[in-house]
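Chemist: So here's protein28.txt, just compact mmCIF, C-alpha atoms:
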# COMPACT_ATOMS: atom_id res chain seq x y z
CA MET A 17 25.70 -49.79 17.72
CA ALA A 18 28.05 -52.34 16.30
CA ARG A 19 25.61 -53.28 13.60
CA ALA A 20 26.12 -49.89 12.01
CA ALA A 21 29.91 -50.11 12.10
CA VAL A 22 30.75 -52.96 9.77
CA LEU A 23 28.02 -54.14 7.48
CA GLY A 24 29.75 -55.32 4.36
CA ARG A 25 29.48 -53.58 1.04
CA LEU A 26 26.19 -51.99 0.17
CA THR A 27 23.92 -53.45 -2.44
CA TRP A 28 20.62 -52.36 -3.92
CA ARG A 29 17.52 -53.88 -2.33
CA VAL A 30 14.03 -54.01 -3.75
CA ALA A 31 11.57 -52.01 -1.66
CA THR A 32 7.80 -52.06 -1.87
CA VAL A 33 5.66 -49.05 -1.04
CA SER A 34 3.27 -50.19 1.67
CA ALA A 35 1.55 -46.88 2.41
CA VAL A 36 1.72 -43.17 1.62
CA ARG A 37 0.75 -40.20 3.82
CA ASP A 38 0.30 -36.63 2.68
CA GLU A 39 2.30 -34.23 4.86
CA THR A 40 1.67 -30.99 2.96
CA ALA A 41 0.32 -30.13 -0.50
CA THR A 42 3.74 -31.00 -1.94
CA ALA A 43 5.32 -33.46 0.49
CA ARG A 44 4.47 -37.08 1.14
CA THR A 45 5.76 -39.77 3.45
CA LEU A 46 6.28 -43.18 1.89
CA VAL A 47 6.37 -46.27 4.07
CA LEU A 48 8.67 -48.81 2.44
CA ASP A 49 8.93 -52.52 3.11
CA VAL A 50 12.58 -53.46 2.64
CA PRO A 51 13.25 -57.17 3.21
CA GLY A 52 16.62 -57.63 4.87
CA TRP A 53 16.86 -54.03 6.09
CA PRO A 54 19.75 -54.00 8.61
CA GLY A 55 18.50 -51.13 10.78
CA HIS A 56 19.71 -47.52 10.83
CA GLU A 57 20.58 -44.53 12.99
CA ALA A 58 18.66 -41.28 13.19
CA GLY A 59 19.89 -38.87 10.52
CA GLN A 60 21.05 -41.48 8.04
CA HIS A 61 19.76 -41.54 4.48
CA VAL A 62 19.04 -43.95 1.67
CA ASP A 63 19.74 -43.74 -2.01
CA VAL A 64 16.62 -44.43 -4.08
CA ARG A 65 16.99 -45.72 -7.63
CA LEU A 66 14.23 -45.62 -10.21
CA THR A 67 14.59 -47.50 -13.47
CA ALA A 68 12.59 -46.64 -16.58
CA PRO A 69 11.40 -49.35 -19.02
CA ASP A 70 14.22 -48.37 -21.39
CA GLY A 71 16.83 -48.93 -18.69
CA TYR A 72 17.44 -45.27 -17.83
CA THR A 73 18.09 -44.92 -14.12
CA ALA A 74 17.99 -42.00 -11.72
CA VAL A 75 19.37 -42.04 -8.18
CA ARG A 76 18.58 -39.58 -5.40
CA SER A 77 19.27 -39.48 -1.68
CA TYR A 78 16.48 -39.17 0.88
CA SER A 79 16.72 -38.93 4.64
CA ILE A 80 15.05 -41.65 6.67
CA ALA A 81 12.25 -40.17 8.78
CA SER A 82 11.40 -43.16 10.92
CA VAL A 83 13.18 -44.66 13.89
CA ALA A 84 14.51 -48.18 13.63
CA ALA A 85 13.12 -50.75 15.99
CA GLU A 86 15.68 -52.24 18.34
CA PRO A 87 17.14 -55.48 16.98
CA GLY A 88 14.95 -58.37 17.96
CA ALA A 89 12.00 -56.17 18.86
CA PRO A 90 8.65 -57.20 17.44
CA THR A 91 7.32 -55.26 14.50
CA ALA A 92 5.76 -52.07 15.78
CA GLY A 93 2.08 -52.44 16.50
CA PRO A 94 -0.62 -49.80 16.18
CA GLY A 95 0.34 -48.30 19.52
CA ALA A 96 3.85 -47.53 18.35
CA SER A 97 2.81 -45.66 15.25
CA ALA A 98 2.47 -42.39 17.14
CA ASP A 99 6.24 -42.27 17.47
CA THR A 100 6.86 -43.72 14.03
CA VAL A 101 8.99 -46.55 15.25
CA THR A 102 8.85 -48.78 12.24
CA GLY A 103 9.33 -52.51 12.32
CA GLY A 104 12.67 -54.03 11.55
CA GLU A 105 12.18 -54.22 7.80
CA GLN A 106 10.26 -51.01 7.27
CA ILE A 107 11.49 -47.46 6.76
CA GLU A 108 9.79 -44.15 6.05
CA ILE A 109 11.06 -41.39 3.81
CA THR A 110 9.43 -38.01 3.33
CA VAL A 111 9.78 -36.50 -0.13
CA GLU A 112 9.15 -32.88 -1.06
CA GLN A 113 8.19 -32.46 -4.68
CA VAL A 114 10.65 -30.32 -6.56
CA GLU A 115 9.40 -28.58 -9.69
CA ASP A 116 10.26 -30.74 -12.71
CA GLY A 117 12.08 -33.20 -10.44
CA GLU A 118 12.28 -36.48 -12.28
CA VAL A 119 12.42 -38.55 -9.10
CA SER A 120 10.59 -36.42 -6.54
CA THR A 121 7.65 -35.90 -8.89
CA TYR A 122 7.14 -39.65 -8.98
CA LEU A 123 7.74 -40.30 -5.29
CA ALA A 124 5.76 -37.33 -3.97
CA GLY A 125 2.95 -37.51 -6.48
CA VAL A 126 2.57 -40.81 -8.27
CA ALA A 127 3.95 -43.76 -6.30
CA GLY A 128 1.34 -45.80 -4.48
CA ALA A 129 0.97 -48.90 -2.35
CA GLY A 130 2.42 -51.94 -4.09
CA ASP A 131 4.84 -50.02 -6.30
CA GLN A 132 8.44 -51.16 -6.20
CA LEU A 133 11.71 -49.26 -6.31
CA GLU A 134 15.30 -49.90 -5.24
CA VAL A 135 17.03 -48.57 -2.15
CA ARG A 136 20.62 -48.64 -0.94
CA GLY A 137 21.39 -47.93 2.70
CA PRO A 138 21.51 -46.96 5.43
CA ILE A 139 24.14 -44.42 4.49
CA GLY A 140 26.13 -41.84 6.39
CA GLY A 141 27.39 -42.14 9.95
CA TRP A 142 28.49 -38.52 10.24
CA PHE A 143 25.15 -36.69 10.14
CA ALA A 144 23.64 -39.03 12.73
CA TRP A 145 22.48 -38.81 16.33
CA ARG A 146 22.90 -41.74 18.69
CA ALA A 147 21.09 -42.26 21.96
CA THR A 148 24.48 -42.62 23.66
CA GLN A 149 25.03 -38.87 23.12
CA SER A 150 24.15 -36.87 26.22
CA GLU A 151 25.15 -33.34 25.22
CA PRO A 152 22.58 -30.69 24.20
CA VAL A 153 21.46 -30.97 20.59
CA GLN A 154 20.46 -28.03 18.43
CA LEU A 155 18.50 -29.01 15.35
CA ILE A 156 18.13 -26.44 12.56
CA GLY A 157 16.19 -27.37 9.45
CA GLY A 158 15.14 -25.57 6.30
CA GLY A 159 12.22 -26.93 4.26
CA SER A 160 12.37 -30.70 3.93
CA GLY A 161 15.69 -30.52 5.78
CA VAL A 162 13.52 -31.17 8.80
CA VAL A 163 13.22 -34.85 7.85
CA PRO A 164 16.46 -36.23 9.36
CA LEU A 165 15.98 -33.90 12.33
CA MET A 166 12.51 -35.37 12.89
CA ALA A 167 14.11 -38.80 12.93
CA MET A 168 16.44 -37.57 15.69
CA VAL A 169 13.55 -36.15 17.71
CA ARG A 170 11.71 -39.44 17.33
CA ALA A 171 14.81 -41.43 18.26
CA ARG A 172 15.30 -39.34 21.38
CA ALA A 173 11.70 -40.02 22.42
CA ALA A 174 11.91 -43.73 21.59
CA ALA A 175 15.06 -44.07 23.69
CA ALA A 176 13.70 -41.84 26.48
CA SER A 177 16.99 -39.95 26.22
CA PRO A 178 17.45 -37.04 28.65
CA ALA A 179 19.64 -35.13 26.15
CA PRO A 180 18.28 -31.57 25.83
CA PHE A 181 16.98 -30.92 22.30
CA ARG A 182 15.85 -27.74 20.56
CA LEU A 183 14.44 -27.49 17.07
CA LEU A 184 14.49 -24.43 14.83
CA TYR A 185 12.53 -25.05 11.65
CA SER A 186 12.32 -22.61 8.75
CA THR A 187 9.74 -22.94 5.99
CA ARG A 188 8.29 -20.58 3.43
CA ARG A 189 4.80 -20.38 4.85
CA PRO A 190 2.57 -22.00 7.48
CA GLN A 191 1.07 -24.54 5.10
CA SER A 192 4.52 -25.87 4.14
CA VAL A 193 5.30 -27.15 7.64
CA ILE A 194 5.95 -30.88 7.41
CA TYR A 195 4.89 -33.00 10.43
CA ARG A 196 2.96 -30.05 11.88
CA SER A 197 0.61 -31.98 14.14
CA GLU A 198 3.36 -34.19 15.51
CA LEU A 199 5.64 -31.20 16.05
CA GLU A 200 2.91 -29.36 17.92
CA ARG A 201 2.30 -32.43 20.07
CA ARG A 202 5.99 -32.77 20.85
CA ALA A 203 6.26 -29.04 21.57
CA ALA A 204 3.38 -29.41 24.03
CA ASP A 205 5.30 -32.31 25.57
CA GLY A 206 8.30 -30.08 26.14
CA LEU A 207 10.35 -29.93 22.94
CA PRO A 208 11.41 -26.29 22.48
CA LEU A 209 10.25 -25.58 18.92
CA THR A 210 10.77 -22.37 16.98
CA LEU A 211 9.05 -22.01 13.61
CA VAL A 212 10.38 -19.45 11.15
CA TYR A 213 8.49 -18.35 8.04
CA THR A 214 10.35 -16.72 5.20
CA ARG A 215 7.51 -15.71 2.86
CA ALA A 216 4.21 -15.55 4.75
CA VAL A 217 3.29 -15.72 8.43
CA PRO A 218 0.06 -16.63 10.23
CA PRO A 219 -2.16 -13.78 11.49
CA GLY A 220 -0.77 -12.25 14.65
CA TRP A 221 2.67 -13.84 14.24
CA SER A 222 5.26 -11.80 16.11
CA ARG A 223 8.13 -12.03 13.62
CA PRO A 224 7.72 -10.70 10.09
CA PRO A 225 8.58 -13.05 7.22
CA GLY A 226 12.33 -13.44 6.98
CA ARG A 227 15.23 -15.79 7.01
CA VAL A 228 17.03 -17.17 10.03
CA ASP A 229 19.47 -14.53 11.21
CA ALA A 230 22.00 -14.06 13.98
CA ALA A 231 19.50 -12.40 16.31
CA LEU A 232 17.08 -15.31 15.99
CA LEU A 233 19.84 -17.85 16.51
CA ALA A 234 20.91 -15.98 19.64
CA SER A 235 17.40 -16.00 21.08
CA ALA A 236 16.13 -19.43 20.01
CA THR A 237 19.10 -21.80 20.08
CA PHE A 238 21.56 -23.21 22.61
CA PRO A 239 24.47 -20.79 23.14
CA PRO A 240 28.01 -21.97 22.38
CA SER A 241 28.72 -22.04 26.13
CA GLU A 242 26.43 -25.06 26.47
CA MET A 243 28.54 -26.89 23.87
CA PRO A 244 25.64 -28.28 21.84
CA THR A 245 26.09 -30.48 18.84
CA CYS A 246 24.33 -28.65 16.00
CA TYR A 247 22.74 -30.50 13.10
CA VAL A 248 21.88 -28.24 10.17
CA CYS A 249 20.03 -29.59 7.14
CA GLY A 250 18.39 -27.91 4.20
CA PRO A 251 19.05 -26.35 0.82
CA THR A 252 22.70 -25.39 0.29
CA PRO A 253 22.28 -21.60 0.70
CA PHE A 254 20.31 -22.12 3.93
CA VAL A 255 22.90 -24.50 5.38
CA GLU A 256 25.82 -22.26 4.43
CA ALA A 257 24.20 -19.16 5.91
CA VAL A 258 23.21 -20.88 9.15
CA ALA A 259 26.54 -22.68 9.57
CA ASP A 260 28.43 -19.42 9.02
CA GLN A 261 26.27 -17.69 11.64
CA LEU A 262 26.81 -20.50 14.13
CA LEU A 263 30.57 -20.31 13.69
CA SER A 264 30.50 -16.51 13.96
CA ALA A 265 28.55 -16.87 17.21
CA GLY A 266 31.38 -18.98 18.57
CA HIS A 267 30.21 -22.56 18.10
CA ASP A 268 32.94 -25.19 17.82
CA PRO A 269 33.31 -26.10 14.11
CA GLY A 270 33.69 -29.73 15.17
CA ARG A 271 30.21 -29.62 16.66
CA VAL A 272 28.41 -28.18 13.66
CA ARG A 273 27.30 -31.00 11.38
CA THR A 274 25.71 -30.12 8.08
CA GLU A 275 23.81 -31.83 5.32
CA ARG A 276 23.13 -29.87 2.16
CA PHE A 277 20.62 -30.73 -0.52
CA GLY A 278 21.84 -30.57 -4.06
CA GLY A 279 20.10 -28.82 -6.88
CA LEU A 280 19.00 -32.27 -8.07
CA SER A 281 15.48 -33.38 -7.57
CA MET B 10 27.69 -26.14 -8.97
CA ASN B 11 27.19 -25.97 -5.23
CA PRO B 12 29.07 -28.72 -3.43
CA LEU B 13 27.32 -31.04 -1.04
CA ASP B 14 28.66 -32.41 2.22
CA GLY B 15 30.89 -35.43 2.28
CA ASN B 16 27.97 -37.48 3.61
CA ALA B 17 26.50 -37.28 0.12
CA ALA B 18 29.36 -39.50 -1.04
CA ALA B 19 28.63 -42.16 1.55
CA GLY B 20 26.48 -44.32 -0.70
CA GLU B 21 29.00 -44.48 -3.51
CA LEU B 22 31.85 -45.19 -1.10
CA ARG B 23 29.86 -47.89 0.66
CA THR B 24 29.67 -49.81 -2.61
CA ILE B 25 33.46 -50.17 -2.33
CA PHE B 26 34.19 -50.17 1.41
CA ALA B 27 32.69 -52.39 4.07
CA VAL B 28 32.61 -49.52 6.54
CA ASP B 29 31.29 -45.96 6.40
CA VAL B 30 34.23 -43.91 5.20
CA THR B 31 32.42 -40.60 5.76
CA ALA B 32 32.54 -41.20 9.53
CA ALA B 33 36.31 -41.80 9.39
CA MET B 34 38.78 -39.04 10.23
CA GLY B 35 41.06 -38.10 7.37
CA GLN B 36 44.11 -35.88 7.23
CA CYS B 37 44.54 -33.57 4.27
CA VAL B 38 47.94 -33.74 2.60
CA GLY B 39 47.56 -30.13 1.50
CA CYS B 40 47.00 -28.33 4.79
CA GLY B 41 47.20 -31.00 7.46
CA GLN B 42 43.64 -30.49 8.68
CA THR B 43 42.11 -33.58 10.25
CA ALA B 44 38.35 -33.90 9.87
CA PRO B 45 35.66 -36.50 9.18
CA LEU B 46 35.23 -37.10 5.47
CA GLY B 47 31.55 -36.35 6.03
CA ALA B 48 32.56 -32.76 6.69
CA ALA B 49 34.44 -32.46 3.40
CA ARG B 50 32.92 -30.87 0.29
CA ALA B 51 31.50 -33.33 -2.22
CA TYR B 52 31.28 -32.50 -5.91
CA GLN B 53 29.12 -34.95 -7.83
CA GLN B 54 28.45 -33.04 -11.03
CA ALA B 55 31.56 -34.42 -12.70
CA PRO B 56 31.69 -37.86 -14.32
CA GLY B 57 33.02 -39.04 -10.97
CA LEU B 58 32.88 -37.95 -7.41
CA VAL B 59 35.38 -35.52 -5.87
CA LEU B 60 35.85 -34.84 -2.17
CA ARG B 61 37.68 -31.63 -1.30
CA CYS B 62 39.11 -30.46 2.03
CA SER B 63 36.85 -28.00 3.84
CA GLY B 64 39.95 -26.18 5.08
CA CYS B 65 42.05 -25.63 1.95
CA ASP B 66 39.89 -26.96 -0.92
CA ALA B 67 42.53 -29.47 -2.01
CA VAL B 68 41.29 -32.71 -3.55
CA LEU B 69 41.17 -35.47 -0.94
CA LEU B 70 39.58 -38.29 -2.87
CA ARG B 71 38.29 -39.04 -6.33
CA VAL B 72 36.02 -41.94 -7.28
CA VAL B 73 35.08 -42.82 -10.82
CA ALA B 74 32.77 -45.76 -11.41
CA GLY B 75 32.52 -47.35 -14.84
CA PRO B 76 30.23 -50.17 -15.90
CA ASP B 77 32.62 -52.89 -14.74
CA ARG B 78 35.34 -51.20 -12.69
CA THR B 79 35.82 -48.39 -10.20
CA TRP B 80 38.86 -46.13 -9.76
CA LEU B 81 39.73 -44.68 -6.38
CA ASP B 82 42.34 -41.92 -6.20
CA GLY B 83 43.18 -41.00 -2.61
CA ARG B 84 46.36 -39.02 -3.13
CA GLY B 85 45.09 -36.07 -1.11
CA LEU B 86 44.67 -38.07 2.07
CA ALA B 87 47.66 -38.65 4.33
CA TYR B 88 45.64 -41.19 6.31
CA LEU B 89 42.17 -42.36 7.25
CA GLN B 90 41.37 -43.28 10.83
CA PHE B 91 38.42 -45.58 11.48
CA ASP B 92 36.55 -46.01 14.74
CA THR B 93 36.44 -49.73 15.39
CA SER B 94 35.12 -49.61 18.95
CA PRO B 95 32.34 -52.15 19.50
CA SER B 96 29.83 -49.50 20.60
What would the structure in this file look like if it were written as structure tokens?

Modeler:
Amino acid sequence: MARAAVLGRLTWRVATVSAVRDETATARTLVLDVPGWPGHEAGQHVDVRLTAPDGYTAVRSYSIASVAAEPGAPTAGPGASADTVTGGEQIEITVEQVEDGEVSTYLAGVAGAGDQLEVRGPIGGWFAWRATQSEPVQLIGGGSGVVPLMAMVRARAAAASPAPFRLLYSTRRPQSVIYRSELERRAADGLPLTLVYTRAVPPGWSRPPGRVDAALLASATFPPSEMPTCYVCGPTPFVEAVADQLLSAGHDPGRVRTERFGGLS
Amino acid sequence: MNPLDGNAAAGELRTIFAVDVTAAMGQCVGCGQTAPLGAARAYQQAPGLVLRCSGCDAVLLRVVAGPDRTWLDGRGLAYLQFDTSPS
């Protein structure tokens, strides 16, 4: 997409919250109206800036969860909402509240329709999936690291791409699964989905609580022989552990793309 | 002080450059590795931003933004290669 290649220097834009959706007890999706939004690719993020009355500012990065409408396409109607294809000047971000997080506490708990904030983006062409890619894609997310991966799953569906996708998603417990109903619907539609719980599992779950390990990667992800592009997103220790295991299993380092969260919130 | 990925630097760099530098391939002066800047290690806890090579940990790029000027130190990069294909 040429529009993503050369866009001019980035500036801050005023965004207005148009709706919020609870995803879990601690995560919310915010729908933002951003006049002049230039479009984005799945996996890209935005910087969000909040400014206090005394001028103090805080900036954090959040992955975009929604899929951009094609240029020139009409604003998505009610029928398109199932795939979260937002209109040209709308984006969605999903924010997990971090304890004592000065930005996430506001976004995930306080912000409501009509509130304004500033955004800068779209940002990052490296951790992105484009519909022109045809190779298998292995998505591996930890916690709210699923957000950019969800955008890729949605982009694949919106483009009717035949690229084989698999999603491995690790959360602490069943009630912390973001996008659960949509994920279950997409799994029923043929998306191979593996959920991993690290602290508590549902009754009758076959795997005891535990982190992603080499045995699980071997059984639930594309093998290196299929030359998948792997997108790994989550907290830094999760990403480092998973990326190390993928490389040990023989995946091409050039095909393992990672996005770590910081300790900031 | 865990580093992030180079993609975390994309926003700051896009306030200076008209293109996404994290998608560009860069060669490390220290070890010769060629990799996208998005795959480098980004350290943001300092007053500025530091990108280090994922192969040898040498500093590739430093960016320090003040109120009215920005410094860019790219001494660790032999070159940057940008994809300018129309698609």

Chemist: Got a sec: who's within 6 Å of range 82-88 of chain B, counting all atoms listed in the file, leaving out chain neighbours fewer than 4 positions off, as a PDB file with C-alpha atoms, in the frame of the given file?

Modeler:
ATOM      1  CA  GLY B  35      41.060 -38.100   7.370  1.00  0.00           C
ATOM      2  CA  GLN B  36      44.110 -35.880   7.230  1.00  0.00           C
ATOM      3  CA  CYS B  37      44.540 -33.570   4.270  1.00  0.00           C
ATOM      4  CA  VAL B  38      47.940 -33.740   2.600  1.00  0.00           C
ATOM      5  CA  VAL B  68      41.290 -32.710  -3.550  1.00  0.00           C
ATOM      6  CA  LEU B  69      41.170 -35.470  -0.940  1.00  0.00           C
ATOM      7  CA  LEU B  70      39.580 -38.290  -2.870  1.00  0.00           C
ATOM      8  CA  ARG B  71      38.290 -39.040  -6.330  1.00  0.00           C
TER       9      ARG B  71
END

Chemist: Neighbours of Ala176 in chain A within 9 Å (only C-alpha atoms; same-chain residues fewer than 4 positions away dropped), as a VMD selection string?

Modeler: chain A and resid 147 171 to 172

Chemist: Chain B near chain A within 12 Å: what's each residue's closest atom pair and its distance in Å to one decimal, counting only C-alpha atoms, ordered by chain then ascending residue number, as a Markdown table?

Modeler:
| residue | atom | partner | partner_atom | distance |
| --- | --- | --- | --- | --- |
| B:Met10 | CA | A:Gly279 | CA | 8.3 |
| B:Asn11 | CA | A:Thr252 | CA | 7.1 |
| B:Pro12 | CA | A:Gly278 | CA | 7.5 |
| B:Leu13 | CA | A:Arg276 | CA | 5.4 |
| B:Asp14 | CA | A:Glu275 | CA | 5.8 |
| B:Gly15 | CA | A:Glu275 | CA | 8.5 |
| B:Asn16 | CA | A:Gly140 | CA | 5.5 |
| B:Ala17 | CA | A:Gly140 | CA | 7.8 |
| B:Ala18 | CA | A:Gly140 | CA | 8.4 |
| B:Ala19 | CA | A:Gly140 | CA | 5.5 |
| B:Gly20 | CA | A:Ile139 | CA | 5.7 |
| B:Glu21 | CA | A:Leu26 | CA | 8.8 |
| B:Leu22 | CA | A:Leu26 | CA | 8.9 |
| B:Arg23 | CA | A:Leu26 | CA | 5.5 |
| B:Thr24 | CA | A:Leu26 | CA | 5.0 |
| B:Ile25 | CA | A:Arg25 | CA | 6.2 |
| B:Phe26 | CA | A:Arg25 | CA | 5.8 |
| B:Ala27 | CA | A:Gly24 | CA | 4.2 |
| B:Val28 | CA | A:Val22 | CA | 5.1 |
| B:Asp29 | CA | A:Gly141 | CA | 6.5 |
| B:Val30 | CA | A:Gly140 | CA | 8.4 |
| B:Thr31 | CA | A:Trp142 | CA | 6.3 |
| B:Ala32 | CA | A:Trp142 | CA | 4.9 |
| B:Ala33 | CA | A:Trp142 | CA | 8.5 |
| B:Met34 | CA | A:Trp142 | CA | 10.3 |
| B:Gln42 | CA | A:Gly270 | CA | 11.9 |
| B:Thr43 | CA | A:Gly270 | CA | 10.5 |
| B:Ala44 | CA | A:Gly270 | CA | 8.2 |
| B:Pro45 | CA | A:Trp142 | CA | 7.5 |
| B:Leu46 | CA | A:Trp142 | CA | 8.4 |
| B:Gly47 | CA | A:Trp142 | CA | 5.6 |
| B:Ala48 | CA | A:Arg273 | CA | 7.3 |
| B:Ala49 | CA | A:Thr274 | CA | 10.2 |
| B:Arg50 | CA | A:Arg276 | CA | 10.0 |
| B:Ala51 | CA | A:Arg276 | CA | 10.1 |
| B:Tyr52 | CA | A:Gly278 | CA | 9.8 |
| B:Gln53 | CA | A:Gly278 | CA | 9.3 |
| B:Gln54 | CA | A:Gly278 | CA | 9.9 |
| B:Ser63 | CA | A:Pro269 | CA | 11.0 |
| B:Gly64 | CA | A:Pro269 | CA | 11.2 |
| B:Phe91 | CA | A:Ala21 | CA | 9.7 |
| B:Asp92 | CA | A:Ala21 | CA | 8.2 |
| B:Thr93 | CA | A:Ala21 | CA | 7.3 |
| B:Ser94 | CA | A:Ala18 | CA | 8.0 |
| B:Pro95 | CA | A:Ala18 | CA | 5.4 |
| B:Ser96 | CA | A:Met17 | CA | 5.0 |

Chemist: CA of Gln113 in chain A and CA of Arg223 in chain A are how many Å apart?

Modeler: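 CA of Arg223 in chain A lies 27.4 Å from CA of Gln113 in chain A.
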
Chemist: Rounded to one decimal place, report the CA of Val83 in chain A-CA of Gly158 in chain A distance in Å.

Modeler: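 Taking CA of Val83 in chain A as the start and CA of Gly158 in chain A as the end point, the length is 20.6 Å.
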
Chemist: Skip range 70-74 of chain A itself and residues of its chain fewer than 5 positions away, then list as a PyMOL selection string all residues within 12 Å of it, counting all atoms listed in the file.

Modeler: chain A and resi 63-65+117-120+122+133-135+280-281

Chemist: What's around range 128-131 of chain A at 9 Å? Count all atoms listed in the file, leave out sequence neighbours fewer than 6 positions away in its own chain, and write the answer as a PyMOL selection string.

Modeler: chain A and resi 31-36+46-47

Chemist: Could you turn the residues from that selection into a file that holds C-alpha atoms, as a PDB file, in the coordinates of the input?

Modeler:
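Done, and the output landed in part-v2.pdb:
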ATOM      1  CA  ALA A  31      11.570 -52.010  -1.660  1.00  0.00           C
ATOM      2  CA  THR A  32       7.800 -52.060  -1.870  1.00  0.00           C
ATOM      3  CA  VAL A  33       5.660 -49.050  -1.040  1.00  0.00           C
ATOM      4  CA  SER A  34       3.270 -50.190   1.670  1.00  0.00           C
ATOM      5  CA  ALA A  35       1.550 -46.880   2.410  1.00  0.00           C
ATOM      6  CA  VAL A  36       1.720 -43.170   1.620  1.00  0.00           C
ATOM      7  CA  LEU A  46       6.280 -43.180   1.890  1.00  0.00           C
ATOM      8  CA  VAL A  47       6.370 -46.270   4.070  1.00  0.00           C
TER       9      VAL A  47
END

Chemist: Which residues are near Gly104 in chain A? Cut-off 7 Å, all atoms listed in the file, ignore same chain within fewer than 4 positions. Put them as a ChimeraX atom specification.

Modeler: /A:53,55,84-85,91
